[in-house]
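To start, the structure under review is shown below, and the notes come after it.
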Amino acid sequence: MMIHDVSHSPALCFLLGLPRSGTTLLAHLLQRHPDILAPPEPWFMLALEAFGKVDHRHPAGASLVHTATSEFLGRIDRTIVTRAFADAAYGRYLAAAGKRTLIDKTPRYWTVLDFLDSLYPEAPRLVLMRNPYAIAASLKSTWGVPLLAASCPSAIASCLADIALGQPTPAIASSLADLVLGLPALAAYRSRPQTQVVHYEVLVAHPDEEIRRVLAGLGYTPTEMGSAPMGQTDYLRSSTFGDRKILEKKTVDDRSVQAWQTDLSIEEMQVVTDLVGAELLIELGYEQDLQFARQAGVVDRGPEATQGYRHLFRTCWDFLDGKTGRSFDIPADGAELDSIGRQAEENSSLAFGPSVFQQAQRLAATKKEENLRMANSIAAQLNEELTASKVDRDALPGGHS
């Protein structure tokens, strides 16, 4: 356990929840309190946790950067150093705003929960839960994330192909991983000490009462809040992050709670049920929503289907994060993809497992050819420019320089 004098640390609270679950709304409502600051999605702890991991195209060599920084920090207490840096950043941010408590609201902190616990074990947490069907509907309507049939998961295959080529992970893969891996991680995190659970459905139905409860848990007097229903949202306009829809809101309402029932098709409800699992839906208190989906025609395929998706995504995520012991410089010859496929097939009982990786291999080969054609085209263009430049220099008085 890290030994740290928390009395001189900035007051910090982590707001955890999946993207499209309402974290921007909750953070904004809490920020109406004069002592609370909730900047739009710092993503700060994600960057700190990944310190030393750089893009595979880094000119110094990604694997060398990672190895060197790991060896250097391995000689000291990395947690204390990282905490000191984080304290300085959070502290300066609070001081500049003249506030007492900073709420770090970054939805994908579910990927670094252990890191948060090691660095800030004493900081309170807020875990926001929302109906997974509603989250999926919001992903579809806001970001255009397709909810493809589980029997033909070509989106996953495309994701694996991009991973094999060392390309950035597509947004669809991250969004699906939020449901497949992030939701059960946050569900298990609810029992952590110093953690308050907030349900989106309760928040939008009774916003004042719910915010008072959360503020009291953070040690603040709720009566100090501003009286405006939504308050000022101008600070969100200048940020790249956060839910832009909140800028259009004048008051908090619960119209979005049941919208998923008409926004999702039966096939899309089936995909969400397969990805999340009936057991987790019931555990989170959404049994009535699951019943609605069943009455609409959704079939419970059992825990094996959901576990298969979790094994598949966990294998891909571990590979992408370098946790498999492989180099960060990913070769494009398909060998690593074969290894991922074999591992996922061993861990998964899903019948579509082999076909997914076969699709991925074909896509990777196709994309590799496209990349080579693009690279050759760029090289030819560069050669033309260099030749033209040499001709221009030779035409100068005195010949070439």
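The way I read the labels, and the way they are meant: chains A, B, ... in the order of the structure tokens, residue 1 as the first residue of every chain, and ligand 1 as the first ligand shown, with later ones counted on from there.
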
Query raised in the report: Quick one: DSSP strand (DSSP E or B) residues in region 50-199 of chain A, as JSON, numbers by chain?
Result: {"A": [101, 102, 103, 104, 105, 125, 126, 127, 128, 129, 195, 196, 197, 198, 199]}

Requested in this report: Please return as number ranges by chain: the residues of region 26-223 of chain A that backbone DSSP assigns to alpha helix (DSSP H).
Outcome: A: 26-31, 44-49, 62-73, 78-97, 113-119, 132-143, 154-164, 171-177, 183-189, 200-205, 207-217

Requested in this report: Write out as number ranges by chain which residues come within 8 Å of Leu128 (chain A) when counting only C-alpha atoms, dropping same-chain ones fewer than 4 positions away.
Outcome: A: 15-18, 21-23, 197-200

Go ahead and save the picked residues with N, CA and C atoms, as a compact mmCIF listing (two decimals), in the first residue's frame.
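Generated file (again_30.txt):
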```
# COMPACT_ATOMS: atom_id res chain seq x y z
N LEU A 15 -16.01 10.12 -11.28
CA LEU A 15 -17.35 9.78 -11.74
C LEU A 15 -17.21 8.75 -12.84
N LEU A 16 -17.69 7.54 -12.59
CA LEU A 16 -17.51 6.42 -13.50
C LEU A 16 -18.83 6.01 -14.13
N GLY A 17 -18.79 5.74 -15.41
CA GLY A 17 -19.98 5.30 -16.12
C GLY A 17 -19.63 5.10 -17.58
N LEU A 18 -20.43 4.32 -18.28
CA LEU A 18 -20.17 4.08 -19.69
C LEU A 18 -20.48 5.31 -20.53
N SER A 21 -24.18 7.10 -21.01
CA SER A 21 -24.96 6.68 -19.85
C SER A 21 -25.47 7.85 -19.03
N GLY A 22 -25.12 9.09 -19.40
CA GLY A 22 -25.60 10.27 -18.67
C GLY A 22 -24.57 10.89 -17.75
N THR A 23 -23.30 10.56 -17.91
CA THR A 23 -22.27 11.10 -17.01
C THR A 23 -22.12 12.62 -17.15
N VAL A 197 -23.65 4.74 -5.74
CA VAL A 197 -24.25 4.30 -7.00
C VAL A 197 -25.41 5.22 -7.35
N VAL A 198 -25.42 5.70 -8.57
CA VAL A 198 -26.50 6.55 -9.07
C VAL A 198 -27.13 5.86 -10.27
N HIS A 199 -28.44 5.79 -10.31
CA HIS A 199 -29.14 5.23 -11.45
C HIS A 199 -29.69 6.37 -12.31
N TYR A 200 -29.40 6.31 -13.58
CA TYR A 200 -29.80 7.36 -14.51
C TYR A 200 -31.31 7.58 -14.47
```

Query raised in the report: Between CA of Ala96 (chain A) and CA of Pro42 (chain A), what is the spacing in Å?
Result: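 Distance between the two atoms: 15.5 Å.
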
List the neighbours of Val145 (chain A) out to 7 Å using only C-alpha atoms; skip same-chain residues closer than 5 positions along the sequence, and give me the result as a compact mmCIF listing (two decimals) with N, CA, C and O atoms, in the first residue's frame.
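In the end it all went to result.txt:
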```txt
# COMPACT_ATOMS: atom_id res chain seq x y z
N LEU A 139 -26.07 5.07 -28.46
CA LEU A 139 -24.90 4.84 -29.32
C LEU A 139 -25.30 4.84 -30.79
O LEU A 139 -24.61 5.38 -31.65
N LYS A 140 -26.42 4.22 -31.06
CA LYS A 140 -26.92 4.13 -32.43
C LYS A 140 -27.34 5.50 -32.96
O LYS A 140 -26.96 5.90 -34.07
N ILE A 172 -16.46 1.79 -33.28
CA ILE A 172 -17.47 0.77 -33.03
C ILE A 172 -16.93 -0.30 -32.09
O ILE A 172 -17.64 -0.80 -31.22
```

Query raised in the report: Which residues, written as JSON, numbers by chain, have at least one atom at most 12 Å from region 70-73 of chain A, with only C-alpha atoms counted and residues fewer than 4 positions away on the same chain left out?
Result: {"A": [50, 51, 52, 53, 63, 64, 65, 66, 77, 78, 79, 80, 81, 82]}

Could you write out the selected residues, including N, CA and C atoms, as an mmCIF file, in the first residue's frame?
```cif
data_model
loop_
_atom_site.group_PDB
_atom_site.id
_atom_site.type_symbol
_atom_site.label_atom_id
_atom_site.label_comp_id
_atom_site.auth_asym_id
_atom_site.auth_seq_id
_atom_site.Cartn_x
_atom_site.Cartn_y
_atom_site.Cartn_z
ATOM 1 N N ALA A 50 -0.973 4.842 -19.079
ATOM 2 C CA ALA A 50 -0.307 4.380 -20.296
ATOM 3 C C ALA A 50 1.059 5.036 -20.491
ATOM 4 N N PHE A 51 1.583 5.687 -19.464
ATOM 5 C CA PHE A 51 2.869 6.369 -19.601
ATOM 6 C C PHE A 51 3.951 5.379 -20.055
ATOM 7 N N GLY A 52 4.664 5.758 -21.090
ATOM 8 C CA GLY A 52 5.705 4.895 -21.641
ATOM 9 C C GLY A 52 5.255 4.107 -22.848
ATOM 10 N N LYS A 53 3.934 4.000 -23.039
ATOM 11 C CA LYS A 53 3.411 3.316 -24.226
ATOM 12 C C LYS A 53 3.122 4.370 -25.292
ATOM 13 N N SER A 63 8.842 0.162 -28.768
ATOM 14 C CA SER A 63 9.244 -0.850 -27.790
ATOM 15 C C SER A 63 10.418 -0.368 -26.953
ATOM 16 N N LEU A 64 11.316 0.425 -27.554
ATOM 17 C CA LEU A 64 12.461 0.958 -26.806
ATOM 18 C C LEU A 64 12.010 1.984 -25.773
ATOM 19 N N VAL A 65 11.076 2.853 -26.167
ATOM 20 C CA VAL A 65 10.546 3.850 -25.231
ATOM 21 C C VAL A 65 9.891 3.158 -24.049
ATOM 22 N N HIS A 66 9.077 2.145 -24.330
ATOM 23 C CA HIS A 66 8.379 1.436 -23.270
ATOM 24 C C HIS A 66 9.354 0.711 -22.347
ATOM 25 N N ASP A 77 9.625 4.114 -6.608
ATOM 26 C CA ASP A 77 8.217 3.808 -6.391
ATOM 27 C C ASP A 77 7.399 4.587 -7.414
ATOM 28 N N ARG A 78 7.013 3.903 -8.468
ATOM 29 C CA ARG A 78 6.310 4.556 -9.568
ATOM 30 C C ARG A 78 4.982 5.150 -9.124
ATOM 31 N N THR A 79 4.311 4.482 -8.183
ATOM 32 C CA THR A 79 3.006 4.958 -7.746
ATOM 33 C C THR A 79 3.117 6.323 -7.070
ATOM 34 N N ILE A 80 4.132 6.488 -6.221
ATOM 35 C CA ILE A 80 4.312 7.762 -5.523
ATOM 36 C C ILE A 80 4.618 8.886 -6.513
ATOM 37 N N VAL A 81 5.465 8.603 -7.484
ATOM 38 C CA VAL A 81 5.823 9.611 -8.484
ATOM 39 C C VAL A 81 4.602 9.993 -9.315
ATOM 40 N N THR A 82 3.850 8.989 -9.734
ATOM 41 C CA THR A 82 2.665 9.252 -10.552
ATOM 42 C C THR A 82 1.625 10.024 -9.754
#
```

Query raised in the report: Within 6 Å of region 174-190 of chain A, counting only C-alpha atoms, which residues qualify if same-chain residues fewer than 2 places away don't, as a PyMOL selection string?
Result: chain A and resi 110+171-172+192+275-276+310

**Report entry** Best match for closeness to Tyr309 (chain A) among A:Ala293, A:Val272, A:Leu284, A:Ala88, counting only C-alpha atoms
**Finding:** A:Val272

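If you measure from each of A:Gly91, A:Pro146, A:Pro193, A:Pro34 to Pro10 (chain A) using only C-alpha atoms, the closest one turns out to be A:Gly91.
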
Query - Minimum-distance residue to Pro207 (chain A), chosen among A:Leu30, A:Arg255, A:Leu37, A:Trp317 (using only C-alpha atoms) - result: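 For Pro207 (chain A), the nearest of the given residues is A:Leu30.
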
Requested in this report: Grab the CA of Arg108 (chain A) to CA of Ala216 (chain A) distance for me, in Å with one decimal place.
Outcome: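 Separating CA of Arg108 (chain A) from CA of Ala216 (chain A) is a distance of 25.8 Å.
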
Requested in this report: Using only C-alpha atoms, pick whichever of A:Phe85, A:Tyr120, A:Trp143, A:Trp43 has the shortest atom-to-atom distance to Lys105 (chain A).
Outcome: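 So, comparing all the options, the nearest one is A:Trp43.
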
Taking 3 positions as the minimum chain separation for residues in the same chain, which residues sit within 12 Å of Arg213 (chain A) when counting only C-alpha atoms? Answer as a short mmCIF file (atom, residue, chain, number, x, y, z; two decimals) with N, CA and C atoms, in the first residue's frame.
```cif
data_model
loop_
_atom_site.label_atom_id
_atom_site.label_comp_id
_atom_site.auth_asym_id
_atom_site.auth_seq_id
_atom_site.Cartn_x
_atom_site.Cartn_y
_atom_site.Cartn_z
N LEU A 30 -23.97 18.37 -10.61
CA LEU A 30 -23.14 18.50 -9.41
C LEU A 30 -22.34 19.79 -9.43
N LEU A 126 -18.25 7.84 -7.79
CA LEU A 126 -19.65 7.81 -8.16
C LEU A 126 -19.77 6.89 -9.36
N GLN A 196 -20.60 5.63 -4.23
CA GLN A 196 -22.04 5.86 -4.32
C GLN A 196 -22.53 5.42 -5.70
N VAL A 197 -23.65 4.74 -5.74
CA VAL A 197 -24.25 4.30 -7.00
C VAL A 197 -25.41 5.22 -7.35
N VAL A 198 -25.42 5.70 -8.57
CA VAL A 198 -26.50 6.55 -9.07
C VAL A 198 -27.13 5.86 -10.27
N VAL A 202 -33.41 7.18 -12.06
CA VAL A 202 -33.80 7.91 -10.86
C VAL A 202 -33.33 9.36 -10.96
N LEU A 203 -32.17 9.57 -11.51
CA LEU A 203 -31.60 10.92 -11.63
C LEU A 203 -32.51 11.83 -12.46
N HIS A 206 -36.06 12.31 -10.62
CA HIS A 206 -36.02 13.12 -9.39
C HIS A 206 -34.63 13.77 -9.26
N PRO A 207 -34.28 14.69 -10.15
CA PRO A 207 -32.91 15.24 -10.16
C PRO A 207 -32.51 15.97 -8.88
N ASP A 208 -33.40 16.79 -8.33
CA ASP A 208 -33.05 17.55 -7.14
C ASP A 208 -32.76 16.64 -5.95
N GLU A 209 -33.65 15.67 -5.74
CA GLU A 209 -33.47 14.77 -4.61
C GLU A 209 -32.21 13.92 -4.76
N GLU A 210 -31.96 13.46 -5.98
CA GLU A 210 -30.80 12.60 -6.19
C GLU A 210 -29.50 13.37 -6.05
N ALA A 216 -24.56 15.14 -0.32
CA ALA A 216 -24.44 14.83 1.11
C ALA A 216 -23.39 13.73 1.31
N GLY A 217 -23.38 12.76 0.40
CA GLY A 217 -22.38 11.70 0.49
C GLY A 217 -20.96 12.21 0.28
N LEU A 218 -20.83 13.31 -0.46
CA LEU A 218 -19.52 13.92 -0.69
C LEU A 218 -19.16 14.93 0.40
N GLY A 219 -20.06 15.13 1.35
CA GLY A 219 -19.78 16.02 2.47
C GLY A 219 -20.17 17.45 2.25
N TYR A 220 -21.05 17.73 1.29
CA TYR A 220 -21.47 19.08 0.99
C TYR A 220 -22.92 19.33 1.39
N THR A 221 -23.23 20.59 1.64
CA THR A 221 -24.58 20.99 1.99
C THR A 221 -25.35 21.27 0.71
N PRO A 222 -26.37 20.50 0.40
CA PRO A 222 -27.10 20.66 -0.87
C PRO A 222 -27.75 22.02 -1.04
N THR A 223 -28.08 22.72 0.04
CA THR A 223 -28.80 23.99 -0.07
C THR A 223 -27.94 25.08 -0.70
#
```

Query raised in the report: Which of these, A:Arg294, A:His33, A:Arg20, A:Arg100, has the shortest distance to Leu215 (chain A) once you count only C-alpha atoms?
Result: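 Smallest distance to Leu215 (chain A) is found for A:His33.
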